[in-house]
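Visitor: Handing you a structure now.
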Amino acid sequence: MWRKFRIIILLLILATVIQEVWLDKADLAWKHNLYVAVYPINADGSDEVSAYLRTLSRDDFEPMAEYFAEEATSYQLGLRRPIEVQLGDIVDELPPEPPKNGSILSTMLWSLKFRLFAWQHSPMVNVRPDIRLYLLYHDPENNRVLGHSTALNKGRIGRVNLFGSSAYAKKNLVVTAHELLHTLNATDKYDLQSTLPIYPHGYAEPDKIPLYPQNFAELMGGRIPINDNDAEIPKGLRHTMIGAMTAREIGWLH
């Protein structure tokens, strides 16, 4: 009896994997636009962040949808708006934290826990989302540095650490857009130790002469290279671009 039960579980897991692979290929063919649901969370429980979350509207995320529309035209994608963003209700629970320097097994367990969390905490939006991002807002007065954000392409979910203040709204959209592309198979293009963009794919203008200073950040490179040893955080999405390698990873370029 136990053997039959184990076989059924394995078959269900296999079916889930096959379905995800099929959906992944279908989404990245870009035959239709993708709907993203963003769910705000008060990460530190402060009154200041609560007040900020009450001010959020869909219009606050429209610049991100417009950004992807503009970038897509560079690659002749054929969709007027490849990404549509919907603001969901505030979620009252925190998604599980990824393991710090975890083993493969602990990372896999966290991935399963996060996907279960997303299944349990997806307030309804107008259109069933293809991607779900949980935006964890922190009080900037008490959190000078935020933890690393992360996202999964399996399940298309993300856990994004942001500052809960209108002063950081434009920079928040850069971080959110970066994590959104992770859910679509885009990889980081910066050195994890130094945080400097990696040449050439982490540079928005790798063929620029002179090379420095760069005018933009490659979105997955994260920063604007000033010289070999320095790079600046972009002030907003208008200071970033989606480079060719990232476009290829997300299916915009073949």
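In the structure tokens, chains take the letters A, B, ... in the order shown, each chain's residues start at 1, and ligands count up from 1 in the order shown.
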So that I can check the secondary structure, give me every residue of stretch 28-117 of chain A assigned alpha helix (DSSP H) by backbone DSSP, as number ranges by chain.
Guide: A: 47-55, 62-74, 104-117
Visitor: List every residue of stretch 33-221 of chain A that DSSP, applied to the backbone of this structure, places in strand (DSSP E), and write the result as number ranges by chain.
Guide: A: 34-42, 83-87, 131-138, 150-152, 157-163, 217-218
Visitor: Using only C-alpha atoms, what does the table of stretch 18-137 of chain A residues within 6 Å of stretch 149-171 of chain A look like, with each row giving the shortest atom pair and its distance in Å to one decimal, sorted by chain and ascending number, as CSV?
Guide:
```
residue,atom,partner,partner_atom,distance
A:Val49,CA,A:Gly164,CA,5.2
A:Ile131,CA,A:Arg156,CA,5.0
A:Arg132,CA,A:Ile157,CA,4.8
A:Leu133,CA,A:Gly158,CA,4.6
A:Tyr134,CA,A:Arg159,CA,5.1
A:Leu135,CA,A:Val160,CA,4.9
A:Leu136,CA,A:Asn161,CA,4.9
A:Tyr137,CA,A:Gly164,CA,4.7
```
Visitor: Using atom CA of A:Leu192 and atom CA of A:Leu180 as the two end points, give the distance in Å to one decimal.
Guide: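 Interatomic distance, atom CA of A:Leu192 to atom CA of A:Leu180: 18.7 Å.
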Visitor: Would you please work out which residue, of A:Glu218, A:Glu179, A:Glu97, A:Glu141, is nearest to A:Met241 when using only C-alpha atoms?
Guide: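 Using only C-alpha atoms, the shortest distance to A:Met241 belongs to A:Glu218.
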Visitor: When distances are computed from only C-alpha atoms, which of A:Gly236, A:Gly202, A:Pro96, A:Pro210 shows the smallest separation from A:Gly222?
Guide: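 So, comparing all the options, the nearest one is A:Gly202.
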Visitor: Excluding same-chain residues fewer than 4 positions from A:Ser194, what lies within 12 Å of it counting only C-alpha atoms, as a PyMOL selection string?
Guide: chain A and resi 189-190+198+221-223+228-231
Visitor: Could you turn the residues from that selection into a file that holds all heavy atoms, as a JSON list (two decimals), in the first residue's frame?
Guide:
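Written out: result_18.json:
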```json
[["chain", "number", "residue", "atom", "x", "y", "z"],
["A", 189, "LYS", "N", 23.40, 39.95, -13.16],
["A", 189, "LYS", "CA", 24.58, 40.24, -13.97],
["A", 189, "LYS", "C", 25.51, 41.20, -13.22],
["A", 189, "LYS", "O", 26.05, 42.15, -13.77],
["A", 189, "LYS", "CB", 24.16, 40.81, -15.32],
["A", 189, "LYS", "CG", 23.41, 39.75, -16.12],
["A", 189, "LYS", "CD", 22.75, 40.27, -17.35],
["A", 189, "LYS", "CE", 21.99, 39.13, -18.05],
["A", 189, "LYS", "NZ", 20.87, 38.61, -17.22],
["A", 190, "TYR", "N", 25.63, 40.94, -11.92],
["A", 190, "TYR", "CA", 26.56, 41.69, -11.09],
["A", 190, "TYR", "C", 27.31, 40.72, -10.19],
["A", 190, "TYR", "O", 26.85, 39.60, -9.93],
["A", 190, "TYR", "CB", 25.84, 42.75, -10.26],
["A", 190, "TYR", "CG", 24.81, 42.21, -9.30],
["A", 190, "TYR", "CD1", 25.17, 41.80, -8.02],
["A", 190, "TYR", "CD2", 23.48, 42.11, -9.66],
["A", 190, "TYR", "CE1", 24.23, 41.29, -7.13],
["A", 190, "TYR", "CE2", 22.53, 41.61, -8.79],
["A", 190, "TYR", "CZ", 22.91, 41.22, -7.53],
["A", 190, "TYR", "OH", 21.98, 40.71, -6.66],
["A", 198, "ILE", "N", 28.84, 43.11, -14.04],
["A", 198, "ILE", "CA", 29.84, 42.31, -14.72],
["A", 198, "ILE", "C", 29.84, 42.67, -16.21],
["A", 198, "ILE", "O", 28.80, 42.62, -16.87],
["A", 198, "ILE", "CB", 29.57, 40.81, -14.54],
["A", 198, "ILE", "CG1", 29.62, 40.43, -13.05],
["A", 198, "ILE", "CG2", 30.57, 39.97, -15.32],
["A", 198, "ILE", "CD1", 29.16, 39.02, -12.76],
["A", 221, "GLY", "N", 21.92, 44.09, -14.07],
["A", 221, "GLY", "CA", 23.25, 44.45, -13.56],
["A", 221, "GLY", "C", 23.15, 45.27, -12.30],
["A", 221, "GLY", "O", 24.07, 45.29, -11.48],
["A", 222, "GLY", "N", 22.04, 45.99, -12.15],
["A", 222, "GLY", "CA", 21.71, 46.64, -10.90],
["A", 222, "GLY", "C", 22.22, 48.04, -10.68],
["A", 222, "GLY", "O", 21.57, 48.82, -9.99],
["A", 223, "ARG", "N", 23.38, 48.39, -11.24],
["A", 223, "ARG", "CA", 23.97, 49.69, -10.97],
["A", 223, "ARG", "C", 24.54, 50.31, -12.25],
["A", 223, "ARG", "O", 24.79, 49.61, -13.23],
["A", 223, "ARG", "CB", 25.08, 49.58, -9.91],
["A", 223, "ARG", "CG", 24.56, 49.17, -8.53],
["A", 223, "ARG", "CD", 25.69, 48.90, -7.56],
["A", 223, "ARG", "NE", 25.18, 48.44, -6.28],
["A", 223, "ARG", "CZ", 25.20, 49.13, -5.15],
["A", 223, "ARG", "NH1", 25.71, 50.36, -5.14],
["A", 223, "ARG", "NH2", 24.71, 48.63, -4.04],
["A", 228, "ASP", "N", 35.96, 51.35, -13.26],
["A", 228, "ASP", "CA", 36.18, 49.92, -12.99],
["A", 228, "ASP", "C", 35.81, 49.52, -11.57],
["A", 228, "ASP", "O", 35.51, 48.35, -11.31],
["A", 228, "ASP", "CB", 37.65, 49.56, -13.23],
["A", 228, "ASP", "CG", 37.96, 49.42, -14.71],
["A", 228, "ASP", "OD1", 37.02, 49.12, -15.49],
["A", 228, "ASP", "OD2", 39.13, 49.61, -15.09],
["A", 229, "ASN", "N", 35.82, 50.49, -10.65],
["A", 229, "ASN", "CA", 35.66, 50.16, -9.24],
["A", 229, "ASN", "C", 34.44, 50.79, -8.57],
["A", 229, "ASN", "O", 34.20, 50.55, -7.39],
["A", 229, "ASN", "CB", 36.91, 50.58, -8.45],
["A", 229, "ASN", "CG", 38.16, 49.90, -8.98],
["A", 229, "ASN", "OD1", 38.21, 48.69, -9.10],
["A", 229, "ASN", "ND2", 39.17, 50.71, -9.32],
["A", 230, "ASP", "N", 33.69, 51.58, -9.30],
["A", 230, "ASP", "CA", 32.55, 52.27, -8.71],
["A", 230, "ASP", "C", 31.32, 52.19, -9.61],
["A", 230, "ASP", "O", 31.43, 52.19, -10.84],
["A", 230, "ASP", "CB", 32.88, 53.75, -8.47],
["A", 230, "ASP", "CG", 34.03, 53.94, -7.49],
["A", 230, "ASP", "OD1", 33.84, 53.63, -6.31],
["A", 230, "ASP", "OD2", 35.11, 54.39, -7.93],
["A", 231, "ALA", "N", 30.16, 52.11, -8.95],
["A", 231, "ALA", "CA", 28.89, 52.09, -9.68],
["A", 231, "ALA", "C", 27.82, 52.71, -8.79],
["A", 231, "ALA", "O", 27.86, 52.60, -7.56],
["A", 231, "ALA", "CB", 28.50, 50.66, -10.06]]
```
Visitor: Near A:Ala186, counting only C-alpha atoms, which residues have an atom at most 6 Å away, once you skip same-chain residues fewer than 4 positions from it, shown as a ChimeraX atom specification?
Guide: /A:181-182,246,249-250
Visitor: Tell me which protein, DNA and RNA residues are within 9 Å of A:Asn215, counting only C-alpha atoms, leaving out same-chain ones fewer than 4 positions away, and put them as a ChimeraX atom specification.
Guide: /A:204-205,224-226,239-240
Visitor: Limited to N, CA, C and O atoms, could you put the picked residues into a file as a tab-separated table (two decimals), in the first residue's frame?
Guide:
```
chain	number	residue	atom	x	y	z
A	204	ALA	N	24.66	48.36	-19.61
A	204	ALA	CA	23.61	48.76	-20.54
A	204	ALA	C	24.19	49.14	-21.90
A	204	ALA	O	23.57	48.93	-22.94
A	205	GLU	N	25.40	49.72	-21.88
A	205	GLU	CA	26.05	50.17	-23.12
A	205	GLU	C	27.47	49.59	-23.19
A	205	GLU	O	28.46	50.34	-23.06
A	224	ILE	N	24.79	51.61	-12.18
A	224	ILE	CA	25.38	52.35	-13.31
A	224	ILE	C	26.89	52.40	-13.10
A	224	ILE	O	27.37	53.05	-12.17
A	225	PRO	N	27.67	51.71	-13.93
A	225	PRO	CA	29.13	51.73	-13.77
A	225	PRO	C	29.70	53.13	-14.04
A	225	PRO	O	29.42	53.75	-15.07
A	226	ILE	N	30.51	53.62	-13.10
A	226	ILE	CA	31.16	54.92	-13.24
A	226	ILE	C	32.60	54.74	-13.69
A	226	ILE	O	33.13	55.49	-14.49
A	239	HIS	N	16.52	55.35	-15.64
A	239	HIS	CA	17.98	55.29	-15.67
A	239	HIS	C	18.47	53.86	-15.91
A	239	HIS	O	19.64	53.56	-15.67
A	240	THR	N	17.59	52.99	-16.36
A	240	THR	CA	17.96	51.60	-16.60
A	240	THR	C	17.54	51.16	-18.01
A	240	THR	O	16.69	51.80	-18.64
```
Visitor: Using only C-alpha atoms, what table do you get, as a tab-separated table, when you list each residue of stretch 153-197 of chain A with an atom no more than 9 Å from stretch 61-84 of chain A, its nearest pair of atoms, and their distance in Å rounded to one decimal, rows by chain then rising number?
Guide:
```
residue	atom	partner	partner_atom	distance
A:Lys170	CA	A:Pro63	CA	9.0
A:Leu173	CA	A:Met64	CA	6.5
A:Val174	CA	A:Met64	CA	8.2
A:Thr176	CA	A:Met64	CA	8.6
A:Ala177	CA	A:Met64	CA	6.8
```
Visitor: Determine the nearest neighbour of A:Asp27 from the options A:Gly251, A:Pro213, A:Gly45, A:Pro200, counting only C-alpha atoms.
Guide: A:Gly251
Visitor: So that I can check the surroundings of A:Leu109, please list as a ChimeraX atom specification every protein, DNA and RNA residue that reaches within 12 Å of it, counting only C-alpha atoms and ignoring chain neighbours fewer than 4 positions away.
Guide: /A:96-99,102-105,113-116
Visitor: Could you save the residues just selected, with C-alpha atoms, as a JSON list (two decimals), in the first residue's frame?
Guide:
```
[["chain", "number", "residue", "atom", "x", "y", "z"],
["A", 96, "PRO", "CA", 9.14, 32.47, 4.56],
["A", 97, "GLU", "CA", 12.70, 33.81, 4.48],
["A", 98, "PRO", "CA", 15.19, 32.10, 2.18],
["A", 99, "PRO", "CA", 17.92, 30.16, 4.01],
["A", 102, "GLY", "CA", 21.63, 27.10, 2.81],
["A", 103, "SER", "CA", 22.20, 23.69, 1.35],
["A", 104, "ILE", "CA", 20.46, 22.55, -1.80],
["A", 105, "LEU", "CA", 17.96, 20.63, 0.33],
["A", 113, "LYS", "CA", 7.21, 26.58, 1.61],
["A", 114, "PHE", "CA", 7.18, 29.83, -0.38],
["A", 115, "ARG", "CA", 5.02, 28.32, -3.09],
["A", 116, "LEU", "CA", 2.61, 27.01, -0.45]]
```
